[in-house]
Amino acid sequence: MAGRQLSKSISASRNSGPAGEFPAWSPTLHRLAVVTAGATFVLIIAGALVVGNGAGLAVPDWPLSFGTWMPPMVGGVFYEHGHRMIATTVGFLSIVLAFGLWRKEPRAWVRRLGWIGLATVILQGLLGGITVLYKLPMPVVIFHACLAQLFFCITLSLVEFTGRSWNQPEMLAEDSGTPQFRNLCAATSAAIVAQLALGAALRHKALDVIPHALGAILICLMVGWTIVRAMRLPELKPLQRLAAAMGILVIVQVALGGVSYLTRLTQEGSTNLDPIMIWSTTAHVATGAAVLGTSWVLTLVAFRRLAAPQPVPAFERNPEKSPA
């Protein structure tokens with residue numbers, strides 16, 4: 001279902017103007033989308049540092065911090081209030097981007113995605129407030145972490161949709177094979193989202209390590225499958241480069257996961273936080289976001305550059321039934 005909806009949206013982008021014309025490319029909107037996506041990635045890192053340093057309740061009130069907009073940036077307050085400041089910046093960028101798309105973007109579905117992104121970041125801010133006011137309720141905390149990753153994918157989508165290459169005509173290659181490469185990429189992205197949710201549950205001690213470890217094995221298999229399929233598309237170098245980058249990131253991610261888990265084991269019963277544990281888990285979260293982002297962009301480009309195989313007429317499959 002999600003693959004069909006994505007295909008419809010991208011098909012609309014191929015015929016977005018009269019007589020199949022492509023919309024004028026706006027470098028300003030594209031740069032704004034790039035900045036928003038970059039700031040969102042920084043926000044994910046900041047959120048990971050809050051969890052790693054145990055600073056989730058370092059500031060007990062919301063939306064103010066100790067009743068002020070700028071408390072002393074010491075101890076856990078540095079991480080928690082710093083996270084709020086970056087989140088505010090991302091929210092402001094999302095507002096500007098949504099209104100910029102509304103004013104300048106000719107494609108209605110891209111404008112809607114801009115508003116969806118703005119609504120998502122507002123919801124994310126509210127969830128962040130709820131996690132503080134209600135003392136880190138587990139379901140909300142995990143959903144807050146997952147929504148951050150989904151919002152990151154929205155910003156990357158807007159980067160792609162406002163980019164120069166997306167707004168130029170493309171010769172489409174046939175997406176042959178079973179499953180279709182586009183659908184395999186979409187399934188891999190969905191599996192990565194599920195794995196990131198398991199990782200968030202593990203970090204907040206809602207699950208044991210076993211489900212996350214099994215999920216990592218599944219991700220490695222799916223990413224490997226995606227890479228093999230991509231390398232069979234020699235005429236589509238962008239897809240191969242994205243698939244290779246995803247594979248490298250997964251290797252780094254697995255290594256960081258191992259370091260993070262082992263350092264956490266040594267922390268059991270200790271009141272002093274190990275810097276190696278903090279930074280390895282933070283890098284693990286950041287690399288996970290990069291893996292998801294790369295997989296999602298690969299999915300978008302695959303739907304953009306590949307077309308479903310055309311059905312072969314019956315008489316071509318069976319020469320004996322060819323018309324007289």
# chains A, B, ... in the order shown; residues from 1 in each chain; ligands from 1
>>> select_by_dssp(residues="stretch 131-285 of chain A", states="helix (DSSP H, G or I)", output="NGL selection string")
:A and (131-133 or 138-161 or 165-167 or 181-203 or 209-231 or 237-267 or 275-285)
>>> select_by_dssp(residues="stretch 139-323 of chain A", states="strand (DSSP E or B)", output="mmCIF file with C-alpha atoms, in the first residue's frame")
data_model
loop_
_atom_site.group_PDB
_atom_site.id
_atom_site.type_symbol
_atom_site.label_atom_id
_atom_site.label_comp_id
_atom_site.auth_asym_id
_atom_site.auth_seq_id
_atom_site.Cartn_x
_atom_site.Cartn_y
_atom_site.Cartn_z
ATOM 1 C CA ALA A 173 14.679 2.082 -16.732
ATOM 2 C CA GLU A 174 12.524 -0.995 -16.327
ATOM 3 C CA LEU A 306 12.628 2.984 -12.380
ATOM 4 C CA ALA A 307 9.292 2.099 -13.961
#
>>> residues_around(residues="stretch 256-260 of chain A", least_positions_apart="6", cutoff="6 Å", atoms="only C-alpha atoms", output="list in words")
Met277, Ser280, Thr281 and His284 of chain A
>>> residues_around(residues="A:Leu49", least_positions_apart="6", cutoff="10 Å", atoms="only C-alpha atoms", output="MDAnalysis selection string")
chainID A and resid 43 55:56 76 79:80 83 278:279 281:283 285
>>> write_last_selection(atoms="N, CA and C atoms", output="compact mmCIF listing (two decimals), in the first residue's frame")
# COMPACT_ATOMS: atom_id res chain seq x y z
N LEU A 43 19.70 17.61 15.67
CA LEU A 43 18.72 17.46 16.75
C LEU A 43 18.65 16.00 17.23
N ALA A 55 19.97 12.96 31.19
CA ALA A 55 19.54 14.33 31.46
C ALA A 55 18.10 14.59 31.07
N GLY A 56 17.30 13.53 30.91
CA GLY A 56 15.93 13.71 30.45
C GLY A 56 15.08 14.56 31.37
N GLY A 76 23.45 18.51 33.52
CA GLY A 76 22.47 17.95 32.59
C GLY A 76 21.63 19.00 31.91
N TYR A 79 22.60 19.71 28.31
CA TYR A 79 22.12 18.79 27.29
C TYR A 79 20.62 18.94 27.06
N GLU A 80 19.84 19.03 28.14
CA GLU A 80 18.40 19.09 27.98
C GLU A 80 17.95 20.41 27.38
N HIS A 83 19.14 20.78 23.83
CA HIS A 83 18.26 20.01 22.94
C HIS A 83 17.02 20.83 22.59
N ILE A 278 28.80 6.87 26.47
CA ILE A 278 27.94 7.97 26.01
C ILE A 278 28.15 8.24 24.53
N TRP A 279 29.40 8.35 24.12
CA TRP A 279 29.66 8.75 22.74
C TRP A 279 29.45 7.59 21.76
N THR A 281 27.12 5.20 22.13
CA THR A 281 25.67 5.08 21.95
C THR A 281 25.11 6.25 21.15
N THR A 282 25.68 7.43 21.37
CA THR A 282 25.23 8.59 20.58
C THR A 282 25.57 8.41 19.11
N ALA A 283 26.79 7.94 18.83
CA ALA A 283 27.19 7.67 17.44
C ALA A 283 26.34 6.56 16.84
N VAL A 285 23.17 5.93 17.57
CA VAL A 285 21.89 6.54 17.20
C VAL A 285 22.03 7.38 15.92
>>> residues_around(residues="A:Ile210", least_positions_apart="5", cutoff="12 Å", atoms="only C-alpha atoms", output="list in words")
Gln195, Leu198, Gly199, Ala201, Leu202, Gly215, Ala216, Ile217 and Tyr261 of chain A
>>> atom_distance(atom1="atom CA of A:Arg112", atom2="atom CA of A:Ala145")
23.6 Å
>>> residues_around(residues="A:Gly288", least_positions_apart="6", cutoff="9 Å", atoms="only C-alpha atoms", output="JSON, numbers by chain")
{"A": [192, 196, 249, 250, 253]}
>>> write_last_selection(atoms="C-alpha atoms", output="PDB file, in the first residue's frame")
ATOM      1  CA  ILE A 192      15.013  -0.035   9.498  1.00  0.00           C
ATOM      2  CA  LEU A 196      15.183   1.943  15.298  1.00  0.00           C
ATOM      3  CA  LEU A 249      26.954   2.687   7.238  1.00  0.00           C
ATOM      4  CA  VAL A 250      25.416  -0.617   8.348  1.00  0.00           C
ATOM      5  CA  GLN A 253      26.421   0.744  12.847  1.00  0.00           C
TER       6      GLN A 253
END
>>> decode(residues="stretch 277-308 of chain A", atoms="N, CA and C atoms", output="PDB file, in the first residue's frame")
ATOM      1  N   MET A 277      30.940   5.046  26.628  1.00  0.00           N
ATOM      2  CA  MET A 277      29.564   4.565  26.500  1.00  0.00           C
ATOM      3  C   MET A 277      28.651   5.646  25.940  1.00  0.00           C
ATOM      4  N   ILE A 278      28.803   6.867  26.468  1.00  0.00           N
ATOM      5  CA  ILE A 278      27.944   7.968  26.012  1.00  0.00           C
ATOM      6  C   ILE A 278      28.148   8.241  24.531  1.00  0.00           C
ATOM      7  N   TRP A 279      29.402   8.351  24.116  1.00  0.00           N
ATOM      8  CA  TRP A 279      29.657   8.746  22.737  1.00  0.00           C
ATOM      9  C   TRP A 279      29.449   7.593  21.759  1.00  0.00           C
ATOM     10  N   SER A 280      29.685   6.360  22.194  1.00  0.00           N
ATOM     11  CA  SER A 280      29.427   5.235  21.292  1.00  0.00           C
ATOM     12  C   SER A 280      27.926   5.049  21.076  1.00  0.00           C
ATOM     13  N   THR A 281      27.120   5.198  22.126  1.00  0.00           N
ATOM     14  CA  THR A 281      25.672   5.080  21.954  1.00  0.00           C
ATOM     15  C   THR A 281      25.113   6.248  21.150  1.00  0.00           C
ATOM     16  N   THR A 282      25.676   7.435  21.373  1.00  0.00           N
ATOM     17  CA  THR A 282      25.229   8.593  20.578  1.00  0.00           C
ATOM     18  C   THR A 282      25.573   8.405  19.105  1.00  0.00           C
ATOM     19  N   ALA A 283      26.795   7.936  18.832  1.00  0.00           N
ATOM     20  CA  ALA A 283      27.186   7.671  17.440  1.00  0.00           C
ATOM     21  C   ALA A 283      26.337   6.560  16.840  1.00  0.00           C
ATOM     22  N   HIS A 284      25.959   5.588  17.668  1.00  0.00           N
ATOM     23  CA  HIS A 284      25.102   4.490  17.209  1.00  0.00           C
ATOM     24  C   HIS A 284      23.744   5.028  16.763  1.00  0.00           C
ATOM     25  N   VAL A 285      23.170   5.934  17.565  1.00  0.00           N
ATOM     26  CA  VAL A 285      21.886   6.542  17.202  1.00  0.00           C
ATOM     27  C   VAL A 285      22.026   7.377  15.925  1.00  0.00           C
ATOM     28  N   ALA A 286      23.095   8.186  15.854  1.00  0.00           N
ATOM     29  CA  ALA A 286      23.296   9.040  14.682  1.00  0.00           C
ATOM     30  C   ALA A 286      23.505   8.216  13.424  1.00  0.00           C
ATOM     31  N   THR A 287      24.277   7.148  13.515  1.00  0.00           N
ATOM     32  CA  THR A 287      24.505   6.293  12.343  1.00  0.00           C
ATOM     33  C   THR A 287      23.226   5.577  11.940  1.00  0.00           C
ATOM     34  N   GLY A 288      22.408   5.190  12.933  1.00  0.00           N
ATOM     35  CA  GLY A 288      21.112   4.594  12.613  1.00  0.00           C
ATOM     36  C   GLY A 288      20.243   5.542  11.807  1.00  0.00           C
ATOM     37  N   ALA A 289      20.252   6.821  12.204  1.00  0.00           N
ATOM     38  CA  ALA A 289      19.493   7.818  11.433  1.00  0.00           C
ATOM     39  C   ALA A 289      20.061   7.955  10.027  1.00  0.00           C
ATOM     40  N   ALA A 290      21.400   7.892   9.912  1.00  0.00           N
ATOM     41  CA  ALA A 290      22.025   8.002   8.589  1.00  0.00           C
ATOM     42  C   ALA A 290      21.688   6.792   7.719  1.00  0.00           C
ATOM     43  N   VAL A 291      21.632   5.604   8.325  1.00  0.00           N
ATOM     44  CA  VAL A 291      21.251   4.402   7.569  1.00  0.00           C
ATOM     45  C   VAL A 291      19.821   4.542   7.051  1.00  0.00           C
ATOM     46  N   LEU A 292      18.919   4.953   7.940  1.00  0.00           N
ATOM     47  CA  LEU A 292      17.526   5.137   7.518  1.00  0.00           C
ATOM     48  C   LEU A 292      17.424   6.205   6.438  1.00  0.00           C
ATOM     49  N   GLY A 293      18.116   7.324   6.628  1.00  0.00           N
ATOM     50  CA  GLY A 293      18.050   8.394   5.641  1.00  0.00           C
ATOM     51  C   GLY A 293      18.559   7.962   4.285  1.00  0.00           C
ATOM     52  N   THR A 294      19.670   7.218   4.273  1.00  0.00           N
ATOM     53  CA  THR A 294      20.218   6.740   3.002  1.00  0.00           C
ATOM     54  C   THR A 294      19.270   5.747   2.335  1.00  0.00           C
ATOM     55  N   SER A 295      18.700   4.840   3.142  1.00  0.00           N
ATOM     56  CA  SER A 295      17.749   3.873   2.587  1.00  0.00           C
ATOM     57  C   SER A 295      16.521   4.572   2.023  1.00  0.00           C
ATOM     58  N   TRP A 296      16.040   5.604   2.727  1.00  0.00           N
ATOM     59  CA  TRP A 296      14.843   6.306   2.264  1.00  0.00           C
ATOM     60  C   TRP A 296      15.122   7.079   0.974  1.00  0.00           C
ATOM     61  N   VAL A 297      16.264   7.750   0.906  1.00  0.00           N
ATOM     62  CA  VAL A 297      16.611   8.464  -0.329  1.00  0.00           C
ATOM     63  C   VAL A 297      16.779   7.475  -1.471  1.00  0.00           C
ATOM     64  N   LEU A 298      17.401   6.323  -1.197  1.00  0.00           N
ATOM     65  CA  LEU A 298      17.516   5.280  -2.218  1.00  0.00           C
ATOM     66  C   LEU A 298      16.141   4.845  -2.700  1.00  0.00           C
ATOM     67  N   THR A 299      15.194   4.719  -1.784  1.00  0.00           N
ATOM     68  CA  THR A 299      13.828   4.348  -2.158  1.00  0.00           C
ATOM     69  C   THR A 299      13.210   5.397  -3.068  1.00  0.00           C
ATOM     70  N   LEU A 300      13.361   6.656  -2.707  1.00  0.00           N
ATOM     71  CA  LEU A 300      12.794   7.742  -3.517  1.00  0.00           C
ATOM     72  C   LEU A 300      13.407   7.762  -4.918  1.00  0.00           C
ATOM     73  N   VAL A 301      14.724   7.652  -4.979  1.00  0.00           N
ATOM     74  CA  VAL A 301      15.402   7.696  -6.282  1.00  0.00           C
ATOM     75  C   VAL A 301      15.023   6.472  -7.119  1.00  0.00           C
ATOM     76  N   ALA A 302      14.861   5.325  -6.470  1.00  0.00           N
ATOM     77  CA  ALA A 302      14.454   4.127  -7.202  1.00  0.00           C
ATOM     78  C   ALA A 302      13.074   4.307  -7.815  1.00  0.00           C
ATOM     79  N   PHE A 303      12.141   4.874  -7.046  1.00  0.00           N
ATOM     80  CA  PHE A 303      10.807   5.127  -7.601  1.00  0.00           C
ATOM     81  C   PHE A 303      10.857   6.203  -8.681  1.00  0.00           C
ATOM     82  N   ARG A 304      11.809   7.099  -8.590  1.00  0.00           N
ATOM     83  CA  ARG A 304      11.929   8.175  -9.576  1.00  0.00           C
ATOM     84  C   ARG A 304      12.544   7.682 -10.881  1.00  0.00           C
ATOM     85  N   ARG A 305      13.521   6.782 -10.785  1.00  0.00           N
ATOM     86  CA  ARG A 305      14.295   6.391 -11.966  1.00  0.00           C
ATOM     87  C   ARG A 305      13.851   5.077 -12.592  1.00  0.00           C
ATOM     88  N   LEU A 306      13.036   4.291 -11.879  1.00  0.00           N
ATOM     89  CA  LEU A 306      12.628   2.984 -12.380  1.00  0.00           C
ATOM     90  C   LEU A 306      11.126   2.958 -12.620  1.00  0.00           C
ATOM     91  N   ALA A 307      10.715   2.257 -13.640  1.00  0.00           N
ATOM     92  CA  ALA A 307       9.292   2.099 -13.961  1.00  0.00           C
ATOM     93  C   ALA A 307       8.932   0.633 -13.891  1.00  0.00           C
ATOM     94  N   ALA A 308       7.686   0.357 -13.541  1.00  0.00           N
ATOM     95  CA  ALA A 308       7.210  -1.022 -13.485  1.00  0.00           C
ATOM     96  C   ALA A 308       7.286  -1.643 -14.873  1.00  0.00           C
TER      97      ALA A 308
END
